[in-house]
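Novice: One structure coming up, written as structure tokens, with questions to follow.
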Protein chains: 6
Amino acid sequence: MKILVVNVNTTESMTASIGRQAQLAAAPGTEIVALTPRFGAESVEGNFESHLAAVAVMEVVSTYTEPFDAVIQAGFGEHGREGLQELVDVPVVDITEAAAMIAMLIGRSYSVVTTLDRTVPMIEDRLTLAGLYTRCASVRASDVSVLALEEDPEQAVEAIVVEAEKAVRDDRAEVICLGCGGMAGLDERIQQRCGVPVIDGISAAVTLAESLVSMHLSTSKVRTYATPRPKKITGWPISAVRSMQP
Amino acid sequence: MKILVVNVNTTESMTASIGRQAQLAAAPGTEIVALTPRFGAESVEGNFESHLAAVAVMEVVSTYTEPFDAVIQAGFGEHGREGLQELVDVPVVDITEAAAMIAMLIGRSYSVVTTLDRTVPMIEDRLTLAGLYTRCASVRASDVSVLALEEDPEQAVEAIVVEAEKAVRDDRAEVICLGCGGMAGLDERIQQRCGVPVIDGISAAVTLAESLVSMHLSTSKVRTYATPRPKKITGWPISAVRSMQP
Amino acid sequence: MKILVVNVNTTESMTASIGRQAQLAAAPGTEIVALTPRFGAESVEGNFESHLAAVAVMEVVSTYTEPFDAVIQAGFGEHGREGLQELVDVPVVDITEAAAMIAMLIGRSYSVVTTLDRTVPMIEDRLTLAGLYTRCASVRASDVSVLALEEDPEQAVEAIVVEAEKAVRDDRAEVICLGCGGMAGLDERIQQRCGVPVIDGISAAVTLAESLVSMHLSTSKVRTYATPRPKKITGWPISAVRSMQP
Amino acid sequence: MKILVVNVNTTESMTASIGRQAQLAAAPGTEIVALTPRFGAESVEGNFESHLAAVAVMEVVSTYTEPFDAVIQAGFGEHGREGLQELVDVPVVDITEAAAMIAMLIGRSYSVVTTLDRTVPMIEDRLTLAGLYTRCASVRASDVSVLALEEDPEQAVEAIVVEAEKAVRDDRAEVICLGCGGMAGLDERIQQRCGVPVIDGISAAVTLAESLVSMHLSTSKVRTYATPRPKKITGWPISAVRSMQP
Amino acid sequence: MKILVVNVNTTESMTASIGRQAQLAAAPGTEIVALTPRFGAESVEGNFESHLAAVAVMEVVSTYTEPFDAVIQAGFGEHGREGLQELVDVPVVDITEAAAMIAMLIGRSYSVVTTLDRTVPMIEDRLTLAGLYTRCASVRASDVSVLALEEDPEQAVEAIVVEAEKAVRDDRAEVICLGCGGMAGLDERIQQRCGVPVIDGISAAVTLAESLVSMHLSTSKVRTYATPRPKKITGWPISAVRSMQP
Amino acid sequence: MKILVVNVNTTESMTASIGRQAQLAAAPGTEIVALTPRFGAESVEGNFESHLAAVAVMEVVSTYTEPFDAVIQAGFGEHGREGLQELVDVPVVDITEAAAMIAMLIGRSYSVVTTLDRTVPMIEDRLTLAGLYTRCASVRASDVSVLALEEDPEQAVEAIVVEAEKAVRDDRAEVICLGCGGMAGLDERIQQRCGVPVIDGISAAVTLAESLVSMHLSTSKVRTYATPRPKKITGWPISAVRSMQP
């Protein structure tokens with residue numbers, strides 16, 4: 001099977017990192033295609049950037065011409081999964097929800113450790129809308145920006161471990177979810193430091209997407225995620241854009 | 001003061017209708033400027049269309065060159081208010097939340113009557129994220145599409161009244177909120193038929209926006225809605241787009 | 001329009017202070033009439049005193065002979081708003097709920113800073129019944145009594161600022177609501193110290209009451225707040241009372 | 001031990017009925033003293049009347065000169081229990097909460113069948129504030145007024161049975177709570193008709209009050225229900241009132 | 001009346017202690033019969049041990065040949081109450097739920113202080129399923145094992161007091177519930193130290209069971225707790241077992 | 001890898017059916033071993049039977065001498081998953097939770113259709129404890145007993161389809177979960193009739209178990225599911241029992 005794994009930001013090196021982690025997690029026979037949105041922010045750390053990302057992710061998926069079996073939205077706490085589910089007929093998995101579900105299978109409560117503090121409310125909202133917030137002990141911020149994860153992974157691991165340890169000790173988390181697609185690949189190192197299972201959302205999403213495909217299941221089209229009604233839409237797909245600094 | 005009231009769809013006649021209702025509700029001295037997004041769907045009735053609208057609304061607001069004192073997002077149950085709040089320094093009011101708040105001041109529970117059934121979950125989500133869902137008795141669909149509100153207002157009033165009466169009788173609603181920006185102007189007619197107060201979200205939002213401005217209050221920038229950090233963003237503002245059918 | 005603003009305690013100087021703040025917040029053309037209950041406690045800081053206040057407020061409003069367009073219950077976390085809504089046909093606004101709503105329009109979460117710790121549960125209950133508790137980060141007590149607000153405003157500001165700063169730093173509040181009618185007028189000073197918007201409930205209630213009146217909306221009479229059924233009631237209105245120390 | 005059972009309305013025949021039911025439920029050695037408030041409504045069926053009742057109940061209890069071991073507030077869904085708890089040092093039991101607790105011990109969910117529909121929200125609020133609403137399947141109204149319970153008990157039983165049967169069949173209630181102090185004594189007849197346990201709040205409250213007294217437990221005075229602080233209060237106790245029709 | 005009080009563990013000395021506390025709390029005329037399960041763990045401190053206890057408790061009750069009027073499950077936070085309710089026709093009271101209810105009658109919030117930290121989630125789950133978790137301020141662990149309660153009661157009291165004081169000061173608890181059947185008898189000592197009412201679940205359960213019996217109430221058999229349908233069951237009752245170390 | 005799939009009842013033909021469905025869902029290379037408990041009820045349809053099952057399942061797993069990589073508890077809404085998680089070091093998946101999670105990935109809300117009405121509360125409780133109840137539209141009963149599923153599958157499909165259609169039409173479910181291990185294999189037939197995705201919990205659990213194993217994840221042992229402390233336990237494992245009719 002082929003799974004599209006879509007970065008939410010425009011930074012190619014992060015797409016590559018996400019793709020590598022996804023391929024590591026994939027079963028033999030699963031081809032991972034990592035896609036970079038054609039416009040948007042170099043890192044997504046707030047609502048404005050996330051709304052841009054929602055459209056950019058829908059755009060790059062709906063203009064992908066080859067067949068694919070599932071789509072993974074590889075942004076933690078970002079907008080857009082519901083729109084994607086309307087546009088495609090294959091399963092769509094958001095890495096926030098995937099991480100939470102896997103965590104809930106192996107512990108009574110989980111905490112998310114993410115990047116900047118301002119992204120915490122967005123993750124809380126995403127988990128709330130998904131009906132997965134009840135068993136969330138906390139969402140903590142390591143204060144490492146998304147791009148800094150790539151630039152200085154050592155310092156990133158330290159900062160994440162500090163918050164993870166607080167989550168286990170003070171918030172009683174039994175599992176840690178890494179709260180950023182860019183943290184892909186750091187889970188084993190953090191687990192050795194923390195003493196609890198650590199979930200990387202990319203890996204969780206890949207395996208859940210594979211599960212859905214092998215079970216021949218896809219998004220229900222009976223109501224919320226039905227295909228959009230035919231109507232006049234201008235500016236879609238957004239194929240030609242002019243870049244300007246705000 | 002000047003308030004921007006932004007339609008979420010690209011239908012100019014609906015923008016005009018929204019603008020008229022807003023101006024009727026405004027205090028003397030308040031100038032209403034109704035804006036139409038430059039791209040997107042002719043009517044917004046699902047998540048895909050709503051994600052496009054979120055970006056289109058942000059785009060038309062951030063390229064509006066004259067000063068303004070507040071912004072109203074005139075789509076019911078749509079995405080985008082949080083992104084707008086990051087981009088501007090003036091108050092932003094979403095008509096869904098405005099309608100719910102006004103309703104909660106005059107009744108113990110309220111119901112929303114909206115257009116198509118598939119928009120019901122979007123309205124429930126918006127109210128949930130806003131912390132205003134507890135006193136919502138129900139969200140009902142009249143099965144009238146957004147554009148049909150304009151084309152056949154008589155039939156629309158009938159369909160809305162039928163659902164409103166069920167909401168009062170069966171769901172124990174004490175107030176009805178009209179669940180679509182396009183229902184602007186129908187509130188008095190529906191109130192005569194239903195026997196309970198009927199709230200039009202446009203009017204509610206205009207008065208709440210005026211309240212915030214006169215209280216010299218605006219969005220807190222301390223955390224969630226802080227101005228986006230400076231970074232490289234491509235394709236923003238989206239000033240040149242090529243229109244294609246999907 | 002004319003709005004009655006009713007103090008919940010019998011201290012005339014506090015009524016005057018509440019009246020001044022209300023008039024400052026009112027639009028041109030709005031006349032504020034501040035009323036002092038005819039009996040009750042000199043300050044309301046618990047349930048017993050609050051139950052007395054509920055009746056005293058209803059009494060002074062129902063014996064006010066001139067016309068009025070709205071009533072504001074100017075006690076934070078006090079009982080009584082529902083009874084008032086049954087007795088009058090004009091809008092009734094409780095300052096706790098008004099403050100919370102305005103706060104929720106400009107921040108993702110809010111904290112209340114109030115007077116004595118024992119009033120915290122009463123405010124939590126009021127917000128819960130109003131369906132506005134979900135976005136409340138915390139209710140904190142400054143340990144300043146209601147009367148001390150008048151006697152030593154400088155020390156009061158200090159104590160309130162200390163709790164407000166903890167609310168922002170530890171509870172992640174993005175807006176502060178001043179949790180006592182007697183804090184009217186302190187909001188600007190506290191905002192300069194805290195760095196987040198500060199809401200005074202009196203001002204919030206005045207603008208919300210004006211909004212309801214200008215929208216020609218009033219309390220739904222279909223169920224919960226219907227006019228009381230005619231029946232034999234003794235001791236109402238309570239026009240002659242003998243004062244005794246308990 | 002001696003237990004005060006306080007009617008919330010001024011109708012002496014109902015006080016007598018309540019007193020009889022309480023004495024039937026009491027253990028040998030427990031003396032029941034049924035008290036009628038000195039002012040207020042002949043029946044309590046709304047918030048206005050309930051706020052009056054709250055004060056009237058506090059007044060008749062605080063002017064009762066002999067010792068007593070517990071107080072029962074014999075109104076279903078009424079205001080006032082919290083104020084009573086501040087004023088006395090002995091246990092205070094509200095019949096709504098007592099009925100719910102006993103019901104929760106013998107069934108997975110319970111429904112309340114009450115008098116007029118307008119009292120339903122008040123009962124829901126009382127159960128919510130008490131933390132006992134989660135296992136409430138529904139609150140239904142028999143449409144029998146409080147006074148009509150006395151005037152035509154046969155028709156009252158019929159109307160209550162109809163709603164109780166709907167609660168069991170449609171709402172999945174496993175226990176029925178009679179939602180009015182005036183329904184005292186009807187529980188056995190309704191149980192024969194319904195096939196599920198039926199709880200009378202008066203009986204439940206008497207046994208819970210006896211339990212607290214025998215366990216030497218009383219209201220915690222550490223925070224919410226601490227004795228009111230000494231202060232100037234006018235018009236309390238309300239010993240001389242002039243009766244007027246509103 | 002006769003009440004069976006069933007220990008969840010196999011330690012006879014603890015059964016005796018539980019029986020003594022129950023008899024102290026019982027009314028004159030109530031005979032307490034304390035039963036020890038025939039198999040299971042010497043102390044129950046986790047889910048595995050609790051599931052064994054659930055069956056062992058059902059076994060010892062269903063093979064008790066003399067008549068009895070009620071059953072008390074004397075384990076805090078343990079599984080099994082629902083199964084017992086299906087098997088017998090008399091009331092069944094779980095000490096966790098009894099303690100919470102009594103606490104909720106005398107304070108706005110309560111905390112549980114229990115033994116080992118790993119039992120905290122089990123108590124939270126039990127309170128959640130019972131619909132009594134809303135008013136729980138916290139569940140704290142004293143880190144004293146169940147058996148150590150017997151071996152060194154002085155050190156146990158110290159450890160419990162430390163957590164109780166934190167619960168009152170930091171979690172705002174107004175009542176403390178002792179979270180282990182083995183803490184029976186320590187309540188007065190802890191209350192003297194803590195300054196808030198302290199509830200022992202055994203005593204609470206005895207008085208609630210007596211209340212149900214005297215009110216002629218028992219478990220509703222209409223749905224959830226109906227008698228099990230006749231069917232082939234092997235290995236029940238478990239009358240002959242061979243003991244082996246795991 | 002090898003996965004144990006444990007029936008909760010003693011009916012060998014149902015174990016075989018469960019095993020077949022599990023093997024169909026398993027990936028190449030996954031060996032399914034279906035186990036029948038050594039004691040307990042021939043079908044599990046209530047709490048008493050479920051508590052027996054919890055112990056019987058733990059018993060058959062802990063006496064299985066060969067290595068295995070995961071365990072699936074193949075009873076819908078049954079007790080026991082938490083105990084299993086303490087006893088083994090490999091992942092444990094409960095089919096109720098697996099079905100809910102898979103459903104939540106492909107629809108905004110799901111309904112469960114189960115066997116007898118009395119099992120509905122048990123399923124609600126299981127989903128509540130797992131933190132997966134928020135997106136559950138309803139749990140409906142087809143009134144087909146567990147054993148009747150095997151005896152008359154045609155009539156079973158009819159009864160399940162009737163309830164599923166009500167769930168979609170009235171409860172707005174977008175996905176149906178089959179609420180009994182014994183419904184394994186009926187999902188495709190029901191999906192053809194219903195028009196929405198239908199999830200069989202056995203298949204969902206197998207794929208989730210495979211996901212956990214391939215991600216090298218297992219139950220967190222830091223707190224709730226830590227290995228039981230060494231202590232004296234009698235009657236475990238329960239290897240010799242004498243069968244008697246109750």
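Residue numbering restarts at 1 for every chain of the structure tokens, chains are lettered A, B, ... in their displayed order, and ligands are numbered from 1 as they appear.
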Within 12 Å of chain B, which residues of chain F come that close, and what is the closest atom pair and distance in Å for each? Count only C-alpha atoms and give it as JSON lines.
Specialist:
{"residue": "F:Gly107", "atom": "CA", "partner": "B:Pro121", "partner_atom": "CA", "distance": 11.4}
{"residue": "F:Arg108", "atom": "CA", "partner": "B:Pro121", "partner_atom": "CA", "distance": 8.2}
{"residue": "F:Ser109", "atom": "CA", "partner": "B:Pro121", "partner_atom": "CA", "distance": 9.9}
{"residue": "F:Arg135", "atom": "CA", "partner": "B:Pro121", "partner_atom": "CA", "distance": 11.6}
{"residue": "F:Arg169", "atom": "CA", "partner": "B:Asp117", "partner_atom": "CA", "distance": 11.9}
{"residue": "F:Arg172", "atom": "CA", "partner": "B:Pro121", "partner_atom": "CA", "distance": 10.1}
{"residue": "F:Ala173", "atom": "CA", "partner": "B:Pro121", "partner_atom": "CA", "distance": 11.7}
{"residue": "F:Glu174", "atom": "CA", "partner": "B:Arg118", "partner_atom": "CA", "distance": 11.6}
Novice: Determine which residues of segment 1-101 of chain B DSSP labels as strand (DSSP E) from the backbone of this structure, then write them out as a list in words.
Specialist: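 Those residues are Lys2, Ile3, Leu4, Val5, Val6, Glu31, Ile32, Val33, Ala34, Leu35, Gly40, Ala41, Ala70, Val71, Ile72, Gln73, Val92, Val93 and Asp94 of chain B.
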Novice: Write the selection just made, keeping C-alpha atoms, as a CSV table (one decimal), in the first residue's frame?
Specialist:
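Final output, out-v1.csv:
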chain,number,residue,atom,x,y,z
B,2,LYS,CA,-15.7,51.1,12.1
B,3,ILE,CA,-16.4,47.4,12.2
B,4,LEU,CA,-15.5,45.0,9.4
B,5,VAL,CA,-18.1,42.3,8.9
B,6,VAL,CA,-16.7,39.5,6.8
B,31,GLU,CA,-19.8,52.3,10.3
B,32,ILE,CA,-20.2,48.8,9.0
B,33,VAL,CA,-18.0,47.6,6.2
B,34,ALA,CA,-19.1,44.3,4.7
B,35,LEU,CA,-16.3,42.4,3.0
B,40,GLY,CA,-13.5,30.2,-1.7
B,41,ALA,CA,-16.9,28.6,-2.0
B,70,ALA,CA,-13.3,45.4,15.3
B,71,VAL,CA,-13.8,42.4,13.0
B,72,ILE,CA,-16.9,40.1,12.9
B,73,GLN,CA,-16.5,36.7,11.4
B,92,VAL,CA,-12.7,39.7,16.8
B,93,VAL,CA,-16.2,38.3,17.3
B,94,ASP,CA,-17.6,35.1,15.8
Novice: Quote the spacing between atom CA of Gln155 of chain E and atom CA of Ala100 of chain E in Å to one decimal place.
Specialist: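 So the answer is 25.1 Å.
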Novice: Which residues are close to Val44 of chain A, i.e. within 10 Å by only C-alpha atoms, leaving aside same-chain residues fewer than 6 positions away? Reply as an NGL selection string.
Specialist: (:A and (8-10 or 50-53 or 75-78 or 119 or 145-147 or 180)) or (:B and (228-229 or 231 or 233))
Novice: Based on the selection just made, write N, CA, C and O atoms of those residues as a JSON list (two decimals), in the first residue's frame.
Specialist:
[["chain", "number", "residue", "atom", "x", "y", "z"],
["A", 8, "VAL", "N", 3.18, 19.74, 7.62],
["A", 8, "VAL", "CA", 2.32, 20.92, 7.67],
["A", 8, "VAL", "C", 3.10, 22.20, 7.39],
["A", 8, "VAL", "O", 2.51, 23.24, 7.12],
["A", 9, "ASN", "N", 4.44, 22.11, 7.45],
["A", 9, "ASN", "CA", 5.23, 23.31, 7.17],
["A", 9, "ASN", "C", 6.03, 23.12, 5.88],
["A", 9, "ASN", "O", 6.09, 22.02, 5.31],
["A", 10, "THR", "N", 6.66, 24.19, 5.43],
["A", 10, "THR", "CA", 7.30, 24.17, 4.11],
["A", 10, "THR", "C", 8.77, 23.80, 4.16],
["A", 10, "THR", "O", 9.48, 23.93, 3.16],
["A", 50, "SER", "N", -1.56, 27.63, 11.30],
["A", 50, "SER", "CA", -2.24, 26.34, 11.20],
["A", 50, "SER", "C", -3.39, 26.39, 10.19],
["A", 50, "SER", "O", -3.64, 25.41, 9.47],
["A", 51, "HIS", "N", -4.09, 27.50, 10.13],
["A", 51, "HIS", "CA", -5.16, 27.62, 9.14],
["A", 51, "HIS", "C", -4.60, 27.61, 7.72],
["A", 51, "HIS", "O", -5.18, 27.02, 6.81],
["A", 52, "LEU", "N", -3.47, 28.29, 7.53],
["A", 52, "LEU", "CA", -2.78, 28.22, 6.23],
["A", 52, "LEU", "C", -2.41, 26.77, 5.94],
["A", 52, "LEU", "O", -2.60, 26.29, 4.81],
["A", 53, "ALA", "N", -1.87, 26.11, 6.93],
["A", 53, "ALA", "CA", -1.42, 24.73, 6.73],
["A", 53, "ALA", "C", -2.59, 23.82, 6.35],
["A", 53, "ALA", "O", -2.44, 22.93, 5.52],
["A", 75, "GLY", "N", 1.06, 17.03, 11.49],
["A", 75, "GLY", "CA", 1.23, 18.20, 12.34],
["A", 75, "GLY", "C", 0.53, 17.92, 13.66],
["A", 75, "GLY", "O", -0.57, 17.35, 13.65],
["A", 76, "PHE", "N", 1.14, 18.29, 14.76],
["A", 76, "PHE", "CA", 0.56, 17.98, 16.07],
["A", 76, "PHE", "C", -0.32, 19.14, 16.54],
["A", 76, "PHE", "O", 0.17, 20.25, 16.73],
["A", 77, "GLY", "N", -1.61, 18.86, 16.70],
["A", 77, "GLY", "CA", -2.51, 19.91, 17.18],
["A", 77, "GLY", "C", -2.94, 20.89, 16.11],
["A", 77, "GLY", "O", -3.42, 21.98, 16.41],
["A", 78, "GLU", "N", -2.79, 20.51, 14.86],
["A", 78, "GLU", "CA", -3.12, 21.44, 13.78],
["A", 78, "GLU", "C", -4.53, 21.24, 13.25],
["A", 78, "GLU", "O", -5.13, 20.19, 13.42],
["A", 119, "THR", "N", 1.44, 26.64, 21.58],
["A", 119, "THR", "CA", 0.80, 25.53, 20.87],
["A", 119, "THR", "C", 0.03, 24.61, 21.81],
["A", 119, "THR", "O", -0.73, 23.75, 21.34],
["A", 145, "SER", "N", 11.58, 25.63, 19.92],
["A", 145, "SER", "CA", 10.78, 25.91, 18.73],
["A", 145, "SER", "C", 10.87, 24.75, 17.76],
["A", 145, "SER", "O", 11.77, 23.91, 17.84],
["A", 146, "VAL", "N", 9.94, 24.72, 16.81],
["A", 146, "VAL", "CA", 9.90, 23.61, 15.85],
["A", 146, "VAL", "C", 11.20, 23.51, 15.07],
["A", 146, "VAL", "O", 11.76, 22.43, 14.89],
["A", 147, "LEU", "N", 11.70, 24.65, 14.63],
["A", 147, "LEU", "CA", 12.93, 24.59, 13.83],
["A", 147, "LEU", "C", 14.15, 24.24, 14.68],
["A", 147, "LEU", "O", 15.08, 23.60, 14.21],
["A", 180, "CYS", "N", 5.08, 16.92, 18.49],
["A", 180, "CYS", "CA", 5.46, 17.67, 17.29],
["A", 180, "CYS", "C", 5.97, 16.68, 16.27],
["A", 180, "CYS", "O", 6.76, 15.80, 16.60],
["B", 228, "PRO", "N", 1.65, 36.30, 15.58],
["B", 228, "PRO", "CA", 2.53, 35.23, 15.09],
["B", 228, "PRO", "C", 3.99, 35.66, 15.11],
["B", 228, "PRO", "O", 4.31, 36.82, 14.85],
["B", 229, "ARG", "N", 4.87, 34.75, 15.43],
["B", 229, "ARG", "CA", 6.30, 35.04, 15.44],
["B", 229, "ARG", "C", 6.78, 35.32, 14.02],
["B", 229, "ARG", "O", 6.28, 34.73, 13.06],
["B", 231, "LYS", "N", 8.53, 34.89, 10.72],
["B", 231, "LYS", "CA", 9.14, 33.73, 10.08],
["B", 231, "LYS", "C", 8.85, 33.79, 8.60],
["B", 231, "LYS", "O", 8.07, 34.60, 8.12],
["B", 233, "ILE", "N", 7.14, 32.90, 5.40],
["B", 233, "ILE", "CA", 5.85, 32.35, 4.97],
["B", 233, "ILE", "C", 5.71, 32.59, 3.48],
["B", 233, "ILE", "O", 5.86, 33.73, 3.03]]
Novice: Can you pull out every residue within 12 Å of Glu124 of chain A, counting only C-alpha atoms, but drop anything in the same chain fewer than 3 positions away, and send it as a compact mmCIF listing (two decimals) with N, CA and C atoms, in the first residue's frame?
Specialist:
# COMPACT_ATOMS: atom_id res chain seq x y z
N PHE A 76 1.14 18.29 14.76
CA PHE A 76 0.56 17.98 16.07
C PHE A 76 -0.32 19.14 16.54
N GLY A 77 -1.61 18.86 16.70
CA GLY A 77 -2.51 19.91 17.18
C GLY A 77 -2.94 20.89 16.11
N GLU A 78 -2.79 20.51 14.86
CA GLU A 78 -3.12 21.44 13.78
C GLU A 78 -4.53 21.24 13.25
N THR A 96 -1.82 13.66 16.11
CA THR A 96 -2.18 13.94 17.50
C THR A 96 -3.10 12.86 18.02
N GLU A 97 -4.12 12.56 17.25
CA GLU A 97 -5.10 11.57 17.67
C GLU A 97 -4.50 10.17 17.70
N ALA A 100 -2.41 9.82 20.83
CA ALA A 100 -3.24 9.69 22.03
C ALA A 100 -3.86 8.30 22.13
N SER A 111 0.65 12.23 28.91
CA SER A 111 0.93 13.65 28.75
C SER A 111 1.58 13.88 27.40
N VAL A 112 1.35 15.06 26.86
CA VAL A 112 2.00 15.47 25.62
C VAL A 112 3.09 16.46 25.99
N VAL A 113 4.27 16.30 25.41
CA VAL A 113 5.31 17.32 25.56
C VAL A 113 5.52 17.92 24.18
N THR A 114 5.29 19.22 24.07
CA THR A 114 5.35 19.86 22.77
C THR A 114 6.42 20.93 22.75
N ASP A 117 4.99 27.05 24.14
CA ASP A 117 3.82 27.10 25.02
C ASP A 117 2.56 27.51 24.29
N ARG A 118 2.69 28.34 23.29
CA ARG A 118 1.47 28.83 22.63
C ARG A 118 0.76 27.74 21.82
N THR A 119 1.44 26.64 21.58
CA THR A 119 0.80 25.53 20.87
C THR A 119 0.03 24.61 21.81
N VAL A 120 0.22 24.78 23.09
CA VAL A 120 -0.50 23.90 24.05
C VAL A 120 -2.01 23.98 23.88
N PRO A 121 -2.62 25.17 23.82
CA PRO A 121 -4.08 25.22 23.66
C PRO A 121 -4.56 24.57 22.37
N LEU A 127 -7.42 17.47 20.84
CA LEU A 127 -7.76 16.27 21.62
C LEU A 127 -9.20 16.33 22.11
N THR A 128 -9.66 17.53 22.46
CA THR A 128 -11.05 17.69 22.91
C THR A 128 -12.02 17.36 21.78
N LEU A 129 -11.78 17.93 20.60
CA LEU A 129 -12.68 17.66 19.48
C LEU A 129 -12.65 16.18 19.11
N ALA A 130 -11.52 15.54 19.29
CA ALA A 130 -11.41 14.13 18.94
C ALA A 130 -11.99 13.21 20.02
N GLY A 131 -12.39 13.77 21.14
CA GLY A 131 -12.93 12.93 22.22
C GLY A 131 -11.87 12.13 22.93
N LEU A 132 -10.65 12.61 22.95
CA LEU A 132 -9.54 11.87 23.53
C LEU A 132 -8.86 12.65 24.65
N TYR A 133 -9.53 13.65 25.18
CA TYR A 133 -8.87 14.52 26.15
C TYR A 133 -9.01 14.04 27.59
N THR A 134 -10.00 13.18 27.85
CA THR A 134 -10.28 12.76 29.22
C THR A 134 -9.08 12.11 29.90
N ARG A 135 -8.34 11.32 29.17
CA ARG A 135 -7.22 10.62 29.77
C ARG A 135 -5.89 11.37 29.58
N CYS A 136 -5.97 12.65 29.18
CA CYS A 136 -4.76 13.45 29.03
C CYS A 136 -4.45 14.08 30.37
N ALA A 137 -3.30 13.73 30.94
CA ALA A 137 -2.92 14.29 32.23
C ALA A 137 -2.50 15.75 32.08
N SER A 138 -1.82 16.07 31.01
CA SER A 138 -1.36 17.43 30.78
C SER A 138 -0.75 17.56 29.40
N VAL A 139 -0.64 18.82 28.97
CA VAL A 139 0.12 19.13 27.76
C VAL A 139 1.18 20.14 28.21
N ARG A 140 2.42 19.76 28.08
CA ARG A 140 3.51 20.60 28.56
C ARG A 140 4.36 21.09 27.40
N GLY A 179 4.94 15.82 21.16
CA GLY A 179 3.92 16.71 20.60
C GLY A 179 4.33 17.53 19.41
N LEU B 129 -15.60 24.33 21.64
CA LEU B 129 -14.31 25.00 21.81
C LEU B 129 -14.46 26.35 22.51
N THR B 224 -2.28 32.40 23.81
CA THR B 224 -2.86 31.69 22.66
C THR B 224 -2.95 32.57 21.42
N ARG C 108 -8.64 32.87 25.75
CA ARG C 108 -9.05 31.47 25.75
C ARG C 108 -9.43 30.98 27.15
Novice: Skipping near chain neighbours, those fewer than 5 positions away, what residues fall within 6 Å of Ile95 of chain C using only C-alpha atoms, listed as a PDB file with C-alpha atoms, in the first residue's frame?
Specialist:
ATOM      1  CA  ALA C  74     -24.187  43.926  41.148  1.00  0.00           C
ATOM      2  CA  GLY C 201     -18.148  43.101  36.028  1.00  0.00           C
ATOM      3  CA  ILE C 202     -20.135  46.298  36.487  1.00  0.00           C
ATOM      4  CA  ALA C 205     -22.955  44.132  32.734  1.00  0.00           C
TER       5      ALA C 205
END
Novice: How far is it from atom CA of Ser203 of chain D to atom CA of Leu116 of chain D, in Å with one decimal?
Specialist: 22.0 Å
Novice: Within 7 Å of Val196 of chain E, counting only C-alpha atoms, which residues show up once you throw out same-chain ones fewer than 4 positions away? Write them as a PyMOL selection string, please.
Specialist: (chain D and resi 220+222) or (chain E and resi 174-175+191)
Novice: Could you name the residues that touch Cys194 of chain C at 8 Å or less, counting only C-alpha atoms, but leaving out those on the same chain fewer than 3 positions away, as an mmCIF file with C-alpha atoms, in the first residue's frame?
Specialist:
data_model
loop_
_atom_site.group_PDB
_atom_site.id
_atom_site.type_symbol
_atom_site.label_atom_id
_atom_site.label_comp_id
_atom_site.auth_asym_id
_atom_site.auth_seq_id
_atom_site.Cartn_x
_atom_site.Cartn_y
_atom_site.Cartn_z
ATOM 1 C CA VAL C 161 -2.251 41.965 41.640
ATOM 2 C CA ALA C 164 -3.704 37.926 39.252
ATOM 3 C CA GLU C 165 -0.044 37.354 38.456
ATOM 4 C CA ILE C 190 -4.552 46.322 37.857
ATOM 5 C CA GLN C 191 -4.228 45.966 34.109
#
Novice: Please return as a list in words: the residues of segment 11-56 of chain E that backbone DSSP assigns to alpha helix (DSSP H).
Specialist: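 DSSP-assigned alpha helix (DSSP H) residues in segment 11-56 of chain E: Glu12, Ser13, Met14, Thr15, Ala16, Ser17, Ile18, Gly19, Arg20, Gln21, Ala22, Gln23, Leu24, Ala25, Asn47, Phe48, Glu49, Ser50, His51, Leu52, Ala53, Ala54, Val55 and Ala56 of chain E.
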